[in-house]
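*Asks:* File final.txt follows (compact mmCIF, C-alpha atoms):
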# COMPACT_ATOMS: atom_id res chain seq x y z
CA GLY A 97 -74.35 48.98 -64.30
CA PHE A 98 -76.17 50.08 -61.15
CA LEU A 99 -79.30 48.02 -61.89
CA THR A 100 -77.48 44.82 -62.89
CA GLY A 101 -74.81 45.12 -60.22
CA THR A 102 -75.07 47.41 -57.22
CA ALA A 103 -78.86 47.45 -56.64
CA PHE A 104 -78.89 43.66 -56.54
CA ALA A 105 -75.53 43.06 -54.86
CA VAL A 106 -75.90 45.22 -51.76
CA PHE A 107 -79.07 43.48 -50.58
CA TYR A 108 -78.05 40.02 -51.82
CA ALA A 109 -74.78 40.23 -49.91
CA THR A 110 -75.94 41.80 -46.65
CA LEU A 111 -79.08 39.68 -46.26
CA GLY A 112 -77.12 36.55 -47.11
CA ILE A 113 -75.64 36.64 -43.58
CA PRO A 114 -78.94 36.51 -41.61
CA PHE A 115 -80.40 34.03 -44.10
CA ALA A 116 -77.29 31.87 -43.64
CA ARG A 117 -77.63 31.97 -39.84
CA TRP A 118 -81.29 31.03 -40.26
CA ALA A 119 -80.29 28.09 -42.45
CA ASP A 120 -77.94 26.81 -39.74
CA VAL A 121 -80.85 26.48 -37.29
CA TRP A 122 -84.00 25.94 -39.39
CA VAL A 123 -85.29 23.80 -42.29
CA ARG A 124 -83.07 24.59 -45.27
CA ARG A 125 -85.43 23.37 -48.00
CA SER A 126 -88.14 25.73 -46.70
CA ILE A 127 -85.74 28.67 -46.75
CA ILE A 128 -84.80 27.87 -50.36
CA ALA A 129 -88.48 27.60 -51.35
CA ILE A 130 -89.35 30.95 -49.72
CA GLY A 131 -86.43 32.66 -51.45
CA LEU A 132 -87.34 31.15 -54.83
CA ALA A 133 -90.95 32.31 -54.56
CA LEU A 134 -89.84 35.83 -53.60
CA TRP A 135 -87.22 36.37 -56.30
CA SER A 136 -89.54 34.92 -58.96
CA ALA A 137 -92.36 37.25 -57.94
CA MET A 138 -90.00 40.23 -57.94
CA THR A 139 -88.69 39.27 -61.39
CA ALA A 140 -92.27 39.33 -62.67
CA ALA A 141 -92.85 42.65 -60.89
CA SER A 142 -89.94 44.15 -62.85
CA GLY A 143 -92.14 43.95 -65.92
CA LEU A 144 -94.69 46.22 -64.24
CA ALA A 145 -92.21 48.95 -63.25
CA GLN A 146 -93.01 52.45 -64.54
CA ASN A 147 -89.79 54.25 -63.62
CA LEU A 148 -86.21 53.73 -62.44
CA VAL A 149 -87.17 53.74 -58.74
CA GLN A 150 -89.75 50.99 -59.18
CA LEU A 151 -87.40 48.92 -61.33
CA SER A 152 -84.65 49.34 -58.73
CA LEU A 153 -87.00 48.22 -55.94
CA ALA A 154 -87.99 45.13 -57.92
CA ARG A 155 -84.32 44.38 -58.57
CA ILE A 156 -83.63 44.75 -54.84
CA GLY A 157 -86.47 42.28 -54.17
CA VAL A 158 -84.78 39.78 -56.50
CA GLY A 159 -81.57 40.21 -54.49
CA VAL A 160 -83.38 39.65 -51.20
CA GLY A 161 -84.95 36.42 -52.48
CA GLU A 162 -81.79 35.03 -54.03
CA ALA A 163 -79.86 35.69 -50.81
CA ALA A 164 -81.75 32.76 -49.28
CA LEU A 165 -80.53 30.17 -51.78
CA SER A 166 -76.80 29.45 -51.79
CA PRO A 167 -75.95 29.31 -48.07
CA ALA A 168 -78.76 26.80 -47.45
CA ALA A 169 -78.01 24.89 -50.67
CA HIS A 170 -74.27 24.63 -49.94
CA SER A 171 -75.01 23.30 -46.46
CA LEU A 172 -77.51 20.75 -47.79
CA ILE A 173 -75.15 19.50 -50.50
CA SER A 174 -72.29 19.25 -48.00
CA ASP A 175 -74.49 17.01 -45.86
CA TYR A 176 -75.39 14.89 -48.90
CA PHE A 177 -71.74 14.25 -49.95
CA PRO A 178 -68.45 13.49 -48.14
CA PRO A 179 -65.45 15.85 -48.52
CA GLU A 180 -63.80 13.77 -51.26
CA ARG A 181 -66.87 14.18 -53.52
CA ARG A 182 -67.92 17.66 -52.43
CA ALA A 183 -66.17 19.71 -55.13
CA THR A 184 -67.91 17.73 -57.88
CA ALA A 185 -71.29 18.03 -56.19
CA LEU A 186 -70.99 21.77 -55.62
CA SER A 187 -69.66 22.26 -59.16
CA ILE A 188 -72.75 20.53 -60.54
CA TYR A 189 -74.83 22.91 -58.41
CA ALA A 190 -72.87 25.83 -59.93
CA VAL A 191 -73.84 24.60 -63.41
CA GLY A 192 -77.24 26.16 -62.70
CA ILE A 193 -75.65 29.61 -63.01
CA HIS A 194 -74.41 28.85 -66.52
CA ILE A 195 -77.67 27.24 -67.61
CA GLY A 196 -79.44 30.35 -66.33
CA VAL A 197 -77.16 32.60 -68.37
CA LEU A 198 -77.73 30.39 -71.44
CA PHE A 199 -81.51 30.77 -71.23
CA GLY A 200 -81.30 34.38 -70.06
CA LEU A 201 -79.31 35.54 -73.07
CA THR A 202 -80.69 33.27 -75.79
CA LEU A 203 -84.33 32.85 -74.81
CA GLY A 204 -84.35 36.26 -73.15
CA GLY A 205 -83.06 37.93 -76.31
CA TRP A 206 -85.72 36.23 -78.44
CA LEU A 207 -88.48 37.07 -75.96
CA ASP A 208 -87.29 40.67 -75.83
CA ASP A 209 -87.38 41.02 -79.61
CA THR A 210 -90.74 39.23 -79.84
CA PHE A 211 -92.75 40.46 -76.84
CA GLY A 212 -90.77 43.34 -75.36
CA TRP A 213 -88.92 43.48 -72.06
CA ARG A 214 -92.01 43.89 -69.86
CA LYS A 215 -93.71 40.67 -70.95
CA THR A 216 -90.33 38.91 -70.87
CA PHE A 217 -89.97 39.57 -67.14
CA LEU A 218 -93.47 38.22 -66.52
CA ILE A 219 -92.89 35.10 -68.64
CA VAL A 220 -89.65 34.14 -66.90
CA GLY A 221 -90.69 35.17 -63.39
CA LEU A 222 -94.09 33.66 -62.73
CA PRO A 223 -93.20 29.94 -63.25
CA GLY A 224 -90.71 30.20 -60.39
CA VAL A 225 -93.50 30.69 -57.88
CA ALA A 226 -94.89 27.26 -58.77
CA LEU A 227 -91.40 25.78 -58.80
CA ALA A 228 -90.98 26.88 -55.18
CA LEU A 229 -93.68 24.41 -54.14
CA LEU A 230 -91.88 21.60 -55.96
CA VAL A 231 -88.67 22.46 -54.11
CA ARG A 232 -90.39 22.52 -50.74
CA PHE A 233 -92.01 19.09 -51.11
CA THR A 234 -89.28 17.15 -52.95
CA LEU A 235 -85.93 18.17 -51.41
CA LYS A 236 -84.70 15.95 -48.59
CA GLU A 237 -83.60 17.58 -45.35
CA PRO A 238 -80.83 15.49 -43.74
CA PRO A 239 -80.87 15.37 -39.93
CA ARG A 240 -78.27 17.49 -38.18
CA ALA A 241 -76.61 16.86 -34.86
CA ALA A 242 -77.78 19.10 -32.04
CA VAL A 243 -75.32 21.80 -31.01
CA ALA A 244 -75.45 22.64 -27.32
CA ASP A 245 -73.48 25.89 -27.46
CA ARG A 246 -74.05 27.54 -30.84
CA GLN A 247 -71.67 30.39 -31.59
CA SER A 248 -72.92 33.88 -32.42
CA VAL A 249 -72.58 35.36 -35.90
CA GLY A 250 -69.71 37.54 -34.71
CA GLU A 251 -67.87 34.58 -33.21
CA VAL A 252 -68.25 32.53 -36.39
CA VAL A 253 -67.09 35.39 -38.61
CA GLY A 254 -64.14 36.00 -36.30
CA TYR A 255 -63.27 32.29 -36.42
CA LEU A 256 -63.39 32.22 -40.22
CA LEU A 257 -61.32 35.38 -40.65
CA LYS A 258 -58.54 33.79 -38.61
CA ILE A 259 -58.19 31.02 -41.22
CA PRO A 260 -55.70 32.28 -43.85
CA ALA A 261 -56.92 29.88 -46.54
CA PHE A 262 -60.51 31.09 -46.08
CA VAL A 263 -59.52 34.75 -46.34
CA HIS A 264 -57.40 34.30 -49.46
CA ALA A 265 -59.90 31.94 -51.11
CA SER A 266 -62.68 34.48 -50.48
CA LEU A 267 -60.65 37.32 -51.98
CA GLY A 268 -59.58 35.12 -54.89
CA MET A 269 -63.19 34.22 -55.61
CA ALA A 270 -64.34 37.82 -55.22
CA LEU A 271 -61.77 39.16 -57.66
CA THR A 272 -62.42 36.38 -60.16
CA ALA A 273 -66.13 37.20 -59.90
CA PHE A 274 -65.27 40.89 -60.33
CA GLY A 275 -64.12 40.20 -63.88
CA GLY A 276 -66.72 37.52 -64.50
CA TYR A 277 -69.71 39.65 -63.48
CA ALA A 278 -68.36 42.59 -65.44
CA PHE A 279 -68.06 40.46 -68.55
CA SER A 280 -71.43 38.73 -68.22
CA SER A 281 -73.18 42.06 -67.55
CA TRP A 282 -71.66 43.91 -70.50
CA ALA A 283 -70.64 41.35 -73.16
CA LYS A 284 -74.03 41.36 -74.87
CA ALA A 285 -74.10 45.17 -74.98
CA PHE A 286 -70.55 45.10 -76.35
CA LEU A 287 -71.63 42.84 -79.23
CA GLN A 288 -74.58 45.09 -79.99
CA ARG A 289 -72.44 48.23 -79.99
CA ALA A 290 -69.19 47.04 -81.55
CA HIS A 291 -70.68 44.59 -84.08
CA HIS A 292 -74.18 46.11 -84.48
CA LEU A 293 -76.01 42.89 -83.62
CA SER A 294 -79.69 42.69 -82.67
CA SER A 295 -80.70 41.66 -79.16
CA SER A 296 -81.49 38.10 -80.25
CA ASP A 297 -78.31 37.77 -82.35
CA ALA A 298 -76.14 39.07 -79.51
CA GLY A 299 -78.00 36.66 -77.23
CA GLU A 300 -76.26 33.79 -79.03
CA LEU A 301 -73.40 34.57 -76.65
CA GLY A 302 -75.54 32.68 -74.14
CA TYR A 303 -74.73 29.40 -75.88
CA ALA A 304 -71.01 30.01 -75.41
CA ILE A 305 -71.35 31.13 -71.78
CA GLY A 306 -73.90 28.49 -70.83
CA ILE A 307 -72.45 25.42 -72.53
CA GLY A 308 -68.80 26.38 -72.02
CA GLY A 309 -69.38 27.39 -68.41
CA ALA A 310 -71.36 24.23 -67.60
CA LEU A 311 -68.64 22.00 -69.04
CA GLY A 312 -65.94 23.93 -67.21
CA SER A 313 -67.77 23.83 -63.91
CA ILE A 314 -68.22 20.05 -63.98
CA LEU A 315 -64.65 19.49 -65.18
CA ALA A 316 -63.30 21.67 -62.37
CA GLY A 317 -65.17 19.68 -59.71
CA VAL A 318 -63.99 16.34 -61.06
CA LEU A 319 -60.39 17.55 -61.29
CA ALA A 320 -60.42 19.10 -57.82
CA ASP A 321 -61.85 15.95 -56.22
CA LYS A 322 -59.55 13.57 -58.09
CA LEU A 323 -56.35 15.56 -57.57
CA GLY A 324 -57.41 16.77 -54.13
CA ARG A 325 -57.39 13.21 -52.77
CA ARG A 326 -53.62 13.28 -53.21
CA ASP A 327 -53.09 16.90 -52.24
CA PRO A 328 -55.92 19.18 -51.02
CA ARG A 329 -54.07 22.21 -52.35
CA TRP A 330 -55.58 21.35 -55.73
CA TRP A 331 -58.82 22.77 -54.31
CA MET A 332 -57.09 26.15 -54.72
CA TRP A 333 -54.85 25.42 -57.70
CA VAL A 334 -57.79 24.44 -59.91
CA PRO A 335 -59.63 27.76 -59.24
CA ALA A 336 -56.37 29.61 -59.93
CA ILE A 337 -56.65 28.39 -63.53
CA ALA A 338 -59.87 30.39 -63.85
CA THR A 339 -58.13 33.67 -63.03
CA ILE A 340 -55.69 34.12 -65.93
CA GLY A 341 -56.32 31.02 -68.07
CA PRO A 342 -59.26 32.58 -69.94
CA LEU A 343 -57.47 35.86 -70.76
CA PRO A 344 -56.06 34.97 -74.21
CA PHE A 345 -59.51 33.89 -75.35
CA THR A 346 -61.56 36.71 -73.83
CA LEU A 347 -59.13 39.37 -75.08
CA THR A 348 -59.38 37.91 -78.58
CA PHE A 349 -63.16 38.06 -78.26
CA LEU A 350 -63.00 41.74 -77.33
CA PHE A 351 -60.64 42.85 -80.12
CA HIS A 352 -61.49 40.56 -83.03
CA GLY A 353 -63.11 42.32 -85.97
CA ASP A 354 -65.58 39.53 -86.84
CA ALA A 355 -68.47 38.75 -84.49
CA ASP A 356 -68.76 35.05 -85.41
CA ALA A 357 -65.03 34.44 -84.96
CA ALA A 358 -65.06 36.38 -81.69
CA LEU A 359 -67.83 34.13 -80.36
CA MET A 360 -65.88 30.99 -81.29
CA TRP A 361 -62.77 32.29 -79.55
CA SER A 362 -64.75 33.00 -76.40
CA VAL A 363 -65.82 29.38 -75.76
CA PRO A 364 -62.51 28.03 -74.33
CA GLY A 365 -62.35 31.10 -72.12
CA PHE A 366 -65.77 30.33 -70.66
CA VAL A 367 -64.75 26.72 -70.01
CA LEU A 368 -61.65 27.79 -68.07
CA GLY A 369 -63.41 30.73 -66.44
CA ALA A 370 -65.86 28.40 -64.68
CA PHE A 371 -63.11 26.53 -62.82
CA TYR A 372 -63.31 28.54 -59.61
CA GLN A 373 -66.76 28.14 -58.04
CA GLY A 374 -67.22 24.47 -57.11
CA PRO A 375 -63.72 23.86 -55.69
CA THR A 376 -63.81 27.11 -53.70
CA PHE A 377 -67.23 26.28 -52.28
CA ALA A 378 -66.00 22.80 -51.33
CA ALA A 379 -62.87 24.10 -49.61
CA VAL A 380 -64.86 26.61 -47.54
CA GLN A 381 -67.49 24.02 -46.55
CA THR A 382 -64.73 21.65 -45.41
CA LEU A 383 -62.85 24.37 -43.50
CA ALA A 384 -66.04 25.26 -41.60
CA ALA A 385 -67.52 23.13 -38.83
CA PRO A 386 -70.86 21.47 -39.73
CA GLN A 387 -72.89 23.80 -37.51
CA MET A 388 -71.51 26.88 -39.29
CA ARG A 389 -71.49 25.78 -42.92
CA SER A 390 -74.39 27.95 -44.05
CA LEU A 391 -72.93 30.99 -42.34
CA ALA A 392 -69.48 30.27 -43.83
CA SER A 393 -71.10 30.22 -47.25
CA GLY A 394 -72.94 33.45 -46.44
CA VAL A 395 -69.69 35.20 -45.47
CA LEU A 396 -67.94 33.92 -48.62
CA LEU A 397 -70.81 35.14 -50.81
CA PHE A 398 -70.94 38.48 -48.98
CA ILE A 399 -67.29 39.16 -49.81
CA THR A 400 -67.69 37.85 -53.36
CA THR A 401 -70.88 39.78 -54.10
CA ILE A 402 -69.85 43.13 -52.64
CA ILE A 403 -66.53 43.13 -54.50
CA GLY A 404 -67.48 41.14 -57.60
CA LEU A 405 -71.05 42.03 -58.45
CA GLY A 406 -71.28 45.29 -56.53
CA LEU A 407 -68.23 46.86 -58.16
CA GLY A 408 -67.41 44.89 -61.33
CA PRO A 409 -70.27 45.93 -63.67
CA TRP A 410 -70.38 49.46 -62.25
CA LEU A 411 -66.62 50.14 -62.62
CA THR A 412 -66.68 48.73 -66.15
CA GLY A 413 -69.44 51.19 -67.02
CA VAL A 414 -67.50 54.08 -65.45
CA LEU A 415 -64.34 53.23 -67.40
CA SER A 416 -66.33 52.91 -70.62
CA ASP A 417 -68.12 56.23 -70.12
CA HIS A 418 -65.06 58.23 -69.04
CA ALA A 419 -61.63 56.63 -69.46
CA PHE A 420 -62.33 55.13 -72.89
CA ALA A 421 -65.11 57.38 -74.19
CA ALA A 422 -62.90 58.38 -77.15
CA LYS A 423 -62.96 54.77 -78.37
CA GLY A 424 -66.63 55.17 -79.30
CA GLU A 425 -68.38 51.87 -80.04
CA ARG A 426 -65.30 49.95 -78.83
CA ALA A 427 -65.15 51.70 -75.44
CA LEU A 428 -66.72 48.76 -73.62
CA GLY A 429 -64.16 46.39 -75.11
CA TYR A 430 -61.22 48.38 -73.74
CA SER A 431 -62.93 48.80 -70.39
CA LEU A 432 -63.59 45.06 -70.07
CA ALA A 433 -60.02 44.23 -71.09
CA VAL A 434 -58.56 46.36 -68.29
CA VAL A 435 -60.95 44.94 -65.69
CA LEU A 436 -60.34 41.31 -66.73
CA VAL A 437 -56.54 41.54 -66.75
CA LEU A 438 -56.15 43.38 -63.46
CA SER A 439 -58.71 41.35 -61.51
CA GLY A 440 -57.41 38.06 -62.96
CA VAL A 441 -53.78 38.58 -61.96
CA TRP A 442 -54.76 39.80 -58.50
CA ALA A 443 -57.14 36.87 -57.96
CA CYS A 444 -54.49 34.36 -59.01
CA ALA A 445 -52.14 35.63 -56.31
CA HIS A 446 -54.78 35.11 -53.60
CA TYR A 447 -55.55 31.56 -54.71
CA LEU A 448 -51.85 30.69 -54.65
CA PHE A 449 -51.56 32.18 -51.15
CA ALA A 450 -54.60 30.13 -50.07
CA ALA A 451 -52.97 26.93 -51.37
CA ARG A 452 -49.87 27.57 -49.24
CA THR A 453 -51.77 27.24 -45.95
CA LEU A 454 -54.74 25.05 -46.93
CA ARG A 455 -53.42 21.71 -45.66
CA ALA A 456 -52.49 23.12 -42.25
CA ASP A 457 -55.76 25.05 -42.01
CA LEU A 458 -57.78 21.91 -42.82
CA GLN A 459 -55.97 19.98 -40.10
CA ARG A 460 -56.63 22.71 -37.52
CA SER A 461 -60.30 22.91 -38.52
CA ALA A 462 -60.69 19.13 -38.24
CA SER A 463 -59.13 19.12 -34.77
CA ARG A 464 -61.41 21.92 -33.57
CA ALA A 465 -64.50 20.21 -34.97
Could I get this file's structure written as C-alpha cells?
*Replies:*
Amino acid sequence: GFLTGTAFAVFYATLGIPFARWADVWVRRSIIAIGLALWSAMTAASGLAQNLVQLSLARIGVGVGEAALSPAAHSLISDYFPPERRATALSIYAVGIHIGVLFGLTLGGWLDDTFGWRKTFLIVGLPGVALALLVRFTLKEPPRAAVADRQSVGEVVGYLLKIPAFVHASLGMALTAFGGYAFSSWAKAFLQRAHHLSSSDAGELGYAIGIGGALGSILAGVLADKLGRRDPRWWMWVPAIATIGPLPFTLTFLFHGDADAALMWSVPGFVLGAFYQGPTFAAVQTLAAPQMRSLASGVLLFITTIIGLGLGPWLTGVLSDHAFAAKGERALGYSLAVVLVLSGVWACAHYLFAARTLRADLQRSASRA
C-alpha cells in the first residue's frame, strides 16, 4: 500500500504544482517529453532495486516524472478545443489511464509469470525513453497570448479556492479517486487471495478495467458536452454518476463466490466508474483563466492525489490487516467494500454541491477573464 500509493503520491502531488507553473510559462510539449523520459527510466530502474529503500526511491522517481504530464497536457488540450468540446477531448485523454491499466494487469501479469518482476519493469520502462523523443517532435504547441502581469502561485491558488464549484469538484474527484485507487491497487491481490488465481489469471481483470473504463470515459465526455450545452451543471452531474453508480456491481464482484462471474459483474461498474475524470477536468479548465490552466490542473491533481492515491490504497491495507483480519482470505474484500461505499457517498455530495454553484461561478470566471 505504501509503495503503490503513498511513495508515489506525495511526490507526484507536491511537484505537480511547480511543474504546472512551469507549464504556464514554458513549452508544454517539452515538459511532457522530459517527464515521460524520467518516469520511464525510473520504471526500468525499479527492476534493478535490491531492497525496499531502492524500490521506494525508484517509485518516487516515477512520481516526479509523471507530475510533469497532466497539467501541461490539460492546458494543451484546452487550447486545442473550445469549451463545448472540451469534456470529450479530455475524456479521450483520460482513456490512456484505462489502456495503461489494461496492459499493466494483463501483459504485466503474463510478463511477471514468464520473466519475473525485475525484467518486467525493464521491458515496460525502457521504450518510454524513446517515446519521449516522439512526443517532443510531433506534438503541436499552440501560441499563447502574452500576459503582462502574471499572478503568483499563491494568488492563483487563492483565486481558485474562492470558487465554490472548484473546491467541491476537487473534493468530489479526490474522494471518487480514493475508492478508485484503492480498488485498482488491491483488486488483483484480492482475486489471488480470495479465489486463488495466478498472477496472469488475476491479470484478466485488466480487460474489464481497461475496456470498461475506456468506454465509460468516452461516454462521459460525450454526455457532458452534449447535455452541458443546455445546462453546464451536467459537467458535475455526470461525474456524480461515477460515485455511487458502480457500487452494486463492485460489491457483487467483491462478495461473489465464483471468480468468472465476479469479473463479469465488475464490467458495468468500471464503465460507470470512469464517468468522473473528463467532465471534471473540463469544468476546472473552463473555470480557470487561460494563463492559469496548467496551475489549476496542478492544484486539482494535488488535492486528488494526496487524498485519493496517498490515502486510498494505504487505508485499505490497514483495514484489511487490522479491522478485518479475522476474515482471512476475504479480508481485502470487506476492506474495499467499506472504502468504496463511504468514499462514494461522500464524493456524490460534493459533486451535487458543485453543480449548485457552477453556472454562477462560470459567469464570474468569464467576466474576470
*Asks:* Return the single residue from A:Pro239, A:Pro328, A:Gly309, A:Gly424 that is closest to A:Asp175, with distances computed using all atoms listed in the file.
*Replies:*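 The shortest atom-to-atom distance to A:Asp175 comes from A:Pro239.
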*Asks:* Extract, using all atoms listed in the file, all DNA, RNA and protein residues at most 9 Å from stretch 367-369 of chain A, discarding same-chain residues fewer than 2 positions from it, and format them as a VMD selection string.
*Replies:* chain A and resid 272 276 304 to 305 307 to 313 315 to 316 335 337 to 343 362 to 365 371 to 372
*Asks:* Name the closest residue to A:Thr346 among the candidates A:Val414, A:Leu267, A:Ile156, A:Leu436; distances are taken between atoms, counting only C-alpha atoms.
*Replies:*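 Nearest candidate to A:Thr346 out of A:Val414, A:Leu267, A:Ile156, A:Leu436: A:Leu436.
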*Asks:* Can you work out the spacing between atom CA of A:Ala421 and atom CA of A:Gly440 in Å, to one decimal?
*Replies:*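 Rounded to one decimal, the two atoms are 23.6 Å apart.
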*Asks:* Quick one: of A:Thr382, A:Thr401, A:Ser461, A:Thr453, who's nearest to A:Pro178, counting all atoms listed in the file?
*Replies:*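 Among the listed residues, the smallest separation from A:Pro178 belongs to A:Thr382.
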*Asks:* Nearest to A:Leu256: which of A:Leu235, A:Ala358, A:Ala385, A:Ala116 is it, counting all atoms listed in the file?
*Replies:*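 So, comparing all the options, the nearest one is A:Ala385.
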*Asks:* Could you please determine the separation between atom CA of A:His446 and atom CA of A:Thr376 in Å, to one decimal place?
*Replies:*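 Distance between the two atoms: 12.1 Å.
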*Asks:* Have a look at atom CA of A:His292 and atom CA of A:Asp209 and let me know their distance in Å, one decimal.
*Replies:*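 Atom CA of A:Asp209 lies at a distance of 15.0 Å from atom CA of A:His292.
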*Asks:* Do a neighbour search on A:Arg329 at 8 Å with all atoms listed in the file, toss out local chain neighbours closer than 6 positions, and write the hits as a list in words.
*Replies:*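 Close residues of A:Arg329: Ala451, Arg452, Leu454 and Arg455 of chain A.
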*Asks:* Taking all atoms listed in the file into account, name the residue in A:Lys423, A:Lys258, A:Lys322, A:Arg125 that is nearest to A:Pro375.
*Replies:*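 Comparing A:Lys423, A:Lys258, A:Lys322, A:Arg125 against A:Pro375, the winner is A:Lys322.
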*Asks:* Pick from A:Thr184, A:Ser295, A:Ser174, A:Ser142: nearest to A:Asp321, with all atoms listed in the file counted?
*Replies:*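 Looking only at the distances to A:Asp321, the closest residue turns out to be A:Thr184.
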*Asks:* Just want the 8 Å neighbourhood of A:Ile130, counted on all atoms listed in the file, with same-chain residues fewer than 5 positions away dropped. Output as a PDB file with C-alpha atoms, in the coordinates of the input.
*Replies:*
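And here's selection_8.pdb as it stands now:
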ATOM      1  CA  GLY A 161     -84.950  36.420 -52.480  1.00  0.00           C
ATOM      2  CA  ALA A 164     -81.750  32.760 -49.280  1.00  0.00           C
ATOM      3  CA  ALA A 228     -90.980  26.880 -55.180  1.00  0.00           C
TER       4      ALA A 228
END
*Asks:* Any idea what's packed within 12 Å of A:Leu407, counting only C-alpha atoms, ignoring anything in its chain fewer than 6 positions away? Could you give it as a PyMOL selection string?
*Replies:* chain A and resi 97-106+270-271+273-278+281+399-401+413-415+435+439
*Asks:* Residues around (-80.4, 22.6, -36.7), cut-off 7 Å, counting only C-alpha atoms - what are they as a list in words?
*Replies:*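 Residues close enough to count: Asp120, Val121, Trp122, Arg240 and Ala242 of chain A.
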*Asks:* If we count only C-alpha atoms and set the cut-off at 9 Å, which residues sit around A:Leu319, ignoring sequence neighbours fewer than 6 positions away in its own chain? Please answer as a list of chain:residue names.
*Replies:*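 Contacts, with the query itself left out: A:Ala183, A:Thr184, A:Trp330, A:Trp331, A:Val334.
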